[in-house]
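Asks: Before anything else, here's the structure in question.
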Amino acid sequence: VQLQASGGGLEQAGGSLRVSCAVSGRSFSPHIMAWFRQAPGKEREFVAAINWRRGNTEYGDPVKGRFTISRDKAKNSMYLQMNSLKTEDTAVYYCAAIRQTYYSDTYSRLNDYDAWGQGTQVTVSS
């Protein structure tokens, strides 16, 4: 299984970007997929997650109301639409997956994810 993130770039504050995560691998059917991000000198933090099978979502507090996570099962792809960008959104964005059946009160636990992509840089200028 490989996760390939793309679509990052440079945007001004208040603008929008969309990042994508393409999944390849035989019979890939994760239970949960998510976006995390890591800014320089900071720990990796949870951004958003989606239940691949049911479609329900969860968001980290800093991005609620601004970011939207979605998936296209036919294309084996996940997306993160980022609107009203802020300079503090600057980070490397990683996609991740929990491949086995997973039940929890939250999808935000970083250590529960067992597949990771390489990350894509998002830079927001003031």
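Just remember, in the structure tokens the first chain shown is A, the second B, etc., residues are 1-based per chain, and ligands are 1-based in the order shown.
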So that I can check the surroundings of Glu11 (chain A), please list as a list in words every protein, DNA and RNA residue that reaches within 12 Å of it, counting only C-alpha atoms and ignoring chain neighbours fewer than 4 positions away.

Replies: Gly7, Gly15, Ser16, Leu17, Arg18, Met82, Asn83, Ser84, Leu85, Lys86, Thr87, Asp89, Thr90, Gln121, Val122, Thr123, Val124, Ser125 and Ser126 of chain A

Asks: Can you list every residue in chain A that DSSP puts in strand (DSSP E or B), as a PyMOL selection string?

Replies: chain A and resi 2-6+9-12+17-24+32-38+45-51+57-59+67-72+77-82+91-98+115-116+120-125

Asks: Got a sec: who's within 9 Å of Gln4 (chain A), counting only C-alpha atoms, leaving out chain neighbours fewer than 4 positions off, as a VMD selection string?

Replies: chain A and resid 20 to 24 94 to 95 116 to 120

Asks: Please dump the current selection as a JSON list (two decimals), in the first residue's frame; keep N, CA and C atoms.

Replies:
```json
[["chain", "number", "residue", "atom", "x", "y", "z"],
["A", 20, "SER", "N", -4.44, 16.44, -2.25],
["A", 20, "SER", "CA", -5.00, 15.14, -2.59],
["A", 20, "SER", "C", -4.10, 14.04, -2.08],
["A", 21, "CYS", "N", -4.70, 12.88, -1.87],
["A", 21, "CYS", "CA", -3.95, 11.70, -1.46],
["A", 21, "CYS", "C", -4.43, 10.55, -2.32],
["A", 22, "ALA", "N", -3.54, 10.04, -3.15],
["A", 22, "ALA", "CA", -3.87, 8.91, -4.01],
["A", 22, "ALA", "C", -3.34, 7.64, -3.35],
["A", 23, "VAL", "N", -4.16, 6.63, -3.38],
["A", 23, "VAL", "CA", -3.82, 5.36, -2.73],
["A", 23, "VAL", "C", -3.64, 4.29, -3.79],
["A", 24, "SER", "N", -2.55, 3.56, -3.67],
["A", 24, "SER", "CA", -2.33, 2.46, -4.59],
["A", 24, "SER", "C", -2.02, 1.20, -3.79],
["A", 94, "TYR", "N", 0.41, 15.48, 5.73],
["A", 94, "TYR", "CA", 0.59, 14.05, 5.51],
["A", 94, "TYR", "C", -0.78, 13.37, 5.47],
["A", 95, "CYS", "N", -0.93, 12.43, 4.53],
["A", 95, "CYS", "CA", -2.12, 11.58, 4.59],
["A", 95, "CYS", "C", -1.74, 10.27, 5.25],
["A", 116, "TRP", "N", 1.40, 5.70, 5.99],
["A", 116, "TRP", "CA", 1.62, 7.15, 5.85],
["A", 116, "TRP", "C", 2.15, 7.48, 4.46],
["A", 117, "GLY", "N", 1.74, 8.64, 3.97],
["A", 117, "GLY", "CA", 2.31, 9.17, 2.74],
["A", 117, "GLY", "C", 3.52, 10.03, 3.05],
["A", 118, "GLN", "N", 4.12, 10.59, 2.02],
["A", 118, "GLN", "CA", 5.38, 11.30, 2.18],
["A", 118, "GLN", "C", 5.21, 12.76, 2.54],
["A", 119, "GLY", "N", 4.03, 13.32, 2.40],
["A", 119, "GLY", "CA", 3.79, 14.71, 2.78],
["A", 119, "GLY", "C", 3.88, 15.67, 1.62],
["A", 120, "THR", "N", 3.13, 16.76, 1.71],
["A", 120, "THR", "CA", 3.18, 17.82, 0.73],
["A", 120, "THR", "C", 3.20, 19.16, 1.46]]
```

Asks: Go through chain A and collect every residue that DSSP, computed from the backbone, puts in helix (DSSP H, G or I); the answer should be as a ChimeraX atom specification.

Replies: /A:61-63,73-75,87-89,110-112

Asks: Of the candidates A:Ser70, A:Ala91, A:Thr106, A:Ile98, which one gets nearest to Pro40 (chain A) if we count only C-alpha atoms?

Replies: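 When distances to Pro40 (chain A) are compared using only C-alpha atoms, the smallest one comes from A:Ala91.
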
Asks: Which is closest to Trp52 (chain A) among A:Gly9, A:Pro30, A:Gly65, A:Gly14, if we use only C-alpha atoms?

Replies: A:Pro30

Asks: What is the distance, in Å and to one decimal place, between CA of Gly8 (chain A) and CA of Phe36 (chain A)?

Replies: 13.4 Å

Asks: Would you please work out which residue, of A:Ala13, A:Val92, A:Ala115, A:Val19, is nearest to Ile69 (chain A) when using only C-alpha atoms?

Replies: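 Going through A:Ala13, A:Val92, A:Ala115, A:Val19 one by one, the smallest distance to Ile69 (chain A) is for A:Val19.
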
Asks: For a quick check of understanding, using only C-alpha atoms, which of A:Tyr93, A:Tyr59, A:Phe67, A:Tyr79 has the smallest distance to Ala39 (chain A)?

Replies: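 Distance minimum relative to Ala39 (chain A) lands on A:Tyr93.
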
Asks: Extract, using only C-alpha atoms, all DNA, RNA and protein residues at most 12 Å from Leu110 (chain A), discarding same-chain residues fewer than 3 positions from it, and format them as a PDB file with N, CA, C and O atoms, in the first residue's frame.

Replies:
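part35.pdb was written with the following content:
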```
ATOM      1  N   ILE A  32     -10.229   3.987   8.121  1.00  0.00           N
ATOM      2  CA  ILE A  32     -10.147   5.421   8.380  1.00  0.00           C
ATOM      3  C   ILE A  32      -8.992   6.008   7.575  1.00  0.00           C
ATOM      4  O   ILE A  32      -7.929   5.403   7.488  1.00  0.00           O
ATOM      5  N   MET A  33      -9.207   7.194   7.010  1.00  0.00           N
ATOM      6  CA  MET A  33      -8.112   7.942   6.406  1.00  0.00           C
ATOM      7  C   MET A  33      -8.128   9.351   6.964  1.00  0.00           C
ATOM      8  O   MET A  33      -9.184   9.877   7.317  1.00  0.00           O
ATOM      9  N   ALA A  34      -6.946   9.934   7.027  1.00  0.00           N
ATOM     10  CA  ALA A  34      -6.836  11.216   7.711  1.00  0.00           C
ATOM     11  C   ALA A  34      -5.724  12.079   7.124  1.00  0.00           C
ATOM     12  O   ALA A  34      -4.852  11.587   6.402  1.00  0.00           O
ATOM     13  N   TRP A  35      -5.791  13.347   7.489  1.00  0.00           N
ATOM     14  CA  TRP A  35      -4.722  14.292   7.239  1.00  0.00           C
ATOM     15  C   TRP A  35      -4.144  14.750   8.573  1.00  0.00           C
ATOM     16  O   TRP A  35      -4.897  15.088   9.496  1.00  0.00           O
ATOM     17  N   PHE A  36      -2.850  14.743   8.656  1.00  0.00           N
ATOM     18  CA  PHE A  36      -2.105  15.346   9.750  1.00  0.00           C
ATOM     19  C   PHE A  36      -1.189  16.406   9.155  1.00  0.00           C
ATOM     20  O   PHE A  36      -0.934  16.412   7.950  1.00  0.00           O
ATOM     21  N   ARG A  37      -0.690  17.291   9.999  1.00  0.00           N
ATOM     22  CA  ARG A  37       0.262  18.285   9.510  1.00  0.00           C
ATOM     23  C   ARG A  37       1.343  18.522  10.551  1.00  0.00           C
ATOM     24  O   ARG A  37       1.137  18.294  11.746  1.00  0.00           O
ATOM     25  N   GLN A  38       2.489  18.969  10.066  1.00  0.00           N
ATOM     26  CA  GLN A  38       3.605  19.246  10.961  1.00  0.00           C
ATOM     27  C   GLN A  38       4.315  20.504  10.513  1.00  0.00           C
ATOM     28  O   GLN A  38       4.840  20.574   9.395  1.00  0.00           O
ATOM     29  N   GLU A  43       5.110  19.439  16.891  1.00  0.00           N
ATOM     30  CA  GLU A  43       4.715  18.048  16.756  1.00  0.00           C
ATOM     31  C   GLU A  43       3.671  17.906  15.632  1.00  0.00           C
ATOM     32  O   GLU A  43       2.960  18.859  15.293  1.00  0.00           O
ATOM     33  N   ARG A  44       3.596  16.694  15.090  1.00  0.00           N
ATOM     34  CA  ARG A  44       2.588  16.427  14.078  1.00  0.00           C
ATOM     35  C   ARG A  44       1.203  16.475  14.728  1.00  0.00           C
ATOM     36  O   ARG A  44       0.992  15.901  15.792  1.00  0.00           O
ATOM     37  N   GLU A  45       0.276  17.183  14.093  1.00  0.00           N
ATOM     38  CA  GLU A  45      -1.042  17.337  14.689  1.00  0.00           C
ATOM     39  C   GLU A  45      -2.138  16.868  13.741  1.00  0.00           C
ATOM     40  O   GLU A  45      -2.008  16.916  12.513  1.00  0.00           O
ATOM     41  N   PHE A  46      -3.228  16.469  14.336  1.00  0.00           N
ATOM     42  CA  PHE A  46      -4.396  15.976  13.603  1.00  0.00           C
ATOM     43  C   PHE A  46      -5.110  17.136  12.926  1.00  0.00           C
ATOM     44  O   PHE A  46      -5.335  18.176  13.538  1.00  0.00           O
ATOM     45  N   VAL A  47      -5.488  16.918  11.650  1.00  0.00           N
ATOM     46  CA  VAL A  47      -6.235  17.928  10.910  1.00  0.00           C
ATOM     47  C   VAL A  47      -7.672  17.472  10.677  1.00  0.00           C
ATOM     48  O   VAL A  47      -8.628  18.150  11.058  1.00  0.00           O
ATOM     49  N   ALA A  48      -7.833  16.316  10.031  1.00  0.00           N
ATOM     50  CA  ALA A  48      -9.175  15.837   9.704  1.00  0.00           C
ATOM     51  C   ALA A  48      -9.102  14.359   9.359  1.00  0.00           C
ATOM     52  O   ALA A  48      -8.044  13.870   8.937  1.00  0.00           O
ATOM     53  N   ALA A  49     -10.218  13.662   9.539  1.00  0.00           N
ATOM     54  CA  ALA A  49     -10.288  12.246   9.215  1.00  0.00           C
ATOM     55  C   ALA A  49     -11.653  11.918   8.637  1.00  0.00           C
ATOM     56  O   ALA A  49     -12.641  12.622   8.889  1.00  0.00           O
ATOM     57  N   TYR A  94       0.412  15.476   5.729  1.00  0.00           N
ATOM     58  CA  TYR A  94       0.586  14.048   5.509  1.00  0.00           C
ATOM     59  C   TYR A  94      -0.778  13.368   5.469  1.00  0.00           C
ATOM     60  O   TYR A  94      -1.647  13.659   6.306  1.00  0.00           O
ATOM     61  N   CYS A  95      -0.931  12.433   4.530  1.00  0.00           N
ATOM     62  CA  CYS A  95      -2.118  11.585   4.590  1.00  0.00           C
ATOM     63  C   CYS A  95      -1.741  10.267   5.248  1.00  0.00           C
ATOM     64  O   CYS A  95      -0.587   9.825   5.188  1.00  0.00           O
ATOM     65  N   ALA A  96      -2.714   9.682   5.910  1.00  0.00           N
ATOM     66  CA  ALA A  96      -2.485   8.479   6.679  1.00  0.00           C
ATOM     67  C   ALA A  96      -3.729   7.607   6.651  1.00  0.00           C
ATOM     68  O   ALA A  96      -4.828   8.093   6.392  1.00  0.00           O
ATOM     69  N   ALA A  97      -3.520   6.331   6.957  1.00  0.00           N
ATOM     70  CA  ALA A  97      -4.645   5.395   6.925  1.00  0.00           C
ATOM     71  C   ALA A  97      -4.554   4.400   8.066  1.00  0.00           C
ATOM     72  O   ALA A  97      -3.461   4.035   8.515  1.00  0.00           O
ATOM     73  N   ILE A  98      -5.719   3.985   8.536  1.00  0.00           N
ATOM     74  CA  ILE A  98      -5.846   2.831   9.420  1.00  0.00           C
ATOM     75  C   ILE A  98      -6.459   1.747   8.569  1.00  0.00           C
ATOM     76  O   ILE A  98      -7.608   1.878   8.118  1.00  0.00           O
ATOM     77  N   THR A 106     -12.647   8.606  18.773  1.00  0.00           N
ATOM     78  CA  THR A 106     -12.018   9.667  17.997  1.00  0.00           C
ATOM     79  C   THR A 106     -11.095   9.059  16.957  1.00  0.00           C
ATOM     80  O   THR A 106     -10.538   7.981  17.160  1.00  0.00           O
ATOM     81  N   TYR A 107     -10.924   9.757  15.844  1.00  0.00           N
ATOM     82  CA  TYR A 107      -9.999   9.324  14.801  1.00  0.00           C
ATOM     83  C   TYR A 107      -8.699  10.129  14.856  1.00  0.00           C
ATOM     84  O   TYR A 107      -7.903  10.069  13.925  1.00  0.00           O
ATOM     85  N   TYR A 113      -2.527   5.153  13.361  1.00  0.00           N
ATOM     86  CA  TYR A 113      -2.431   5.073  11.903  1.00  0.00           C
ATOM     87  C   TYR A 113      -1.223   4.222  11.507  1.00  0.00           C
ATOM     88  O   TYR A 113      -0.122   4.422  12.042  1.00  0.00           O
ATOM     89  N   ASP A 114      -1.432   3.297  10.560  1.00  0.00           N
ATOM     90  CA  ASP A 114      -0.361   2.359  10.226  1.00  0.00           C
ATOM     91  C   ASP A 114       0.139   2.478   8.796  1.00  0.00           C
ATOM     92  O   ASP A 114       0.951   1.672   8.353  1.00  0.00           O
ATOM     93  N   ALA A 115      -0.312   3.462   8.065  1.00  0.00           N
ATOM     94  CA  ALA A 115       0.206   3.730   6.720  1.00  0.00           C
ATOM     95  C   ALA A 115       0.267   5.236   6.527  1.00  0.00           C
ATOM     96  O   ALA A 115      -0.698   5.943   6.852  1.00  0.00           O
ATOM     97  N   TRP A 116       1.396   5.704   5.987  1.00  0.00           N
ATOM     98  CA  TRP A 116       1.621   7.147   5.849  1.00  0.00           C
ATOM     99  C   TRP A 116       2.149   7.480   4.463  1.00  0.00           C
ATOM    100  O   TRP A 116       2.930   6.718   3.884  1.00  0.00           O
TER     101      TRP A 116
END
```

Asks: Which is closest to Tyr102 (chain A) among A:Lys75, A:His31, A:Glu88, A:Gln81, if we use only C-alpha atoms?

Replies: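 Using only C-alpha atoms, the shortest distance to Tyr102 (chain A) belongs to A:His31.
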
Asks: I'd like the interatomic distance between CA of Ser29 (chain A) and CA of Lys64 (chain A), to a tenth of an Å.

Replies: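 Here the two named atoms are 26.5 Å from each other.
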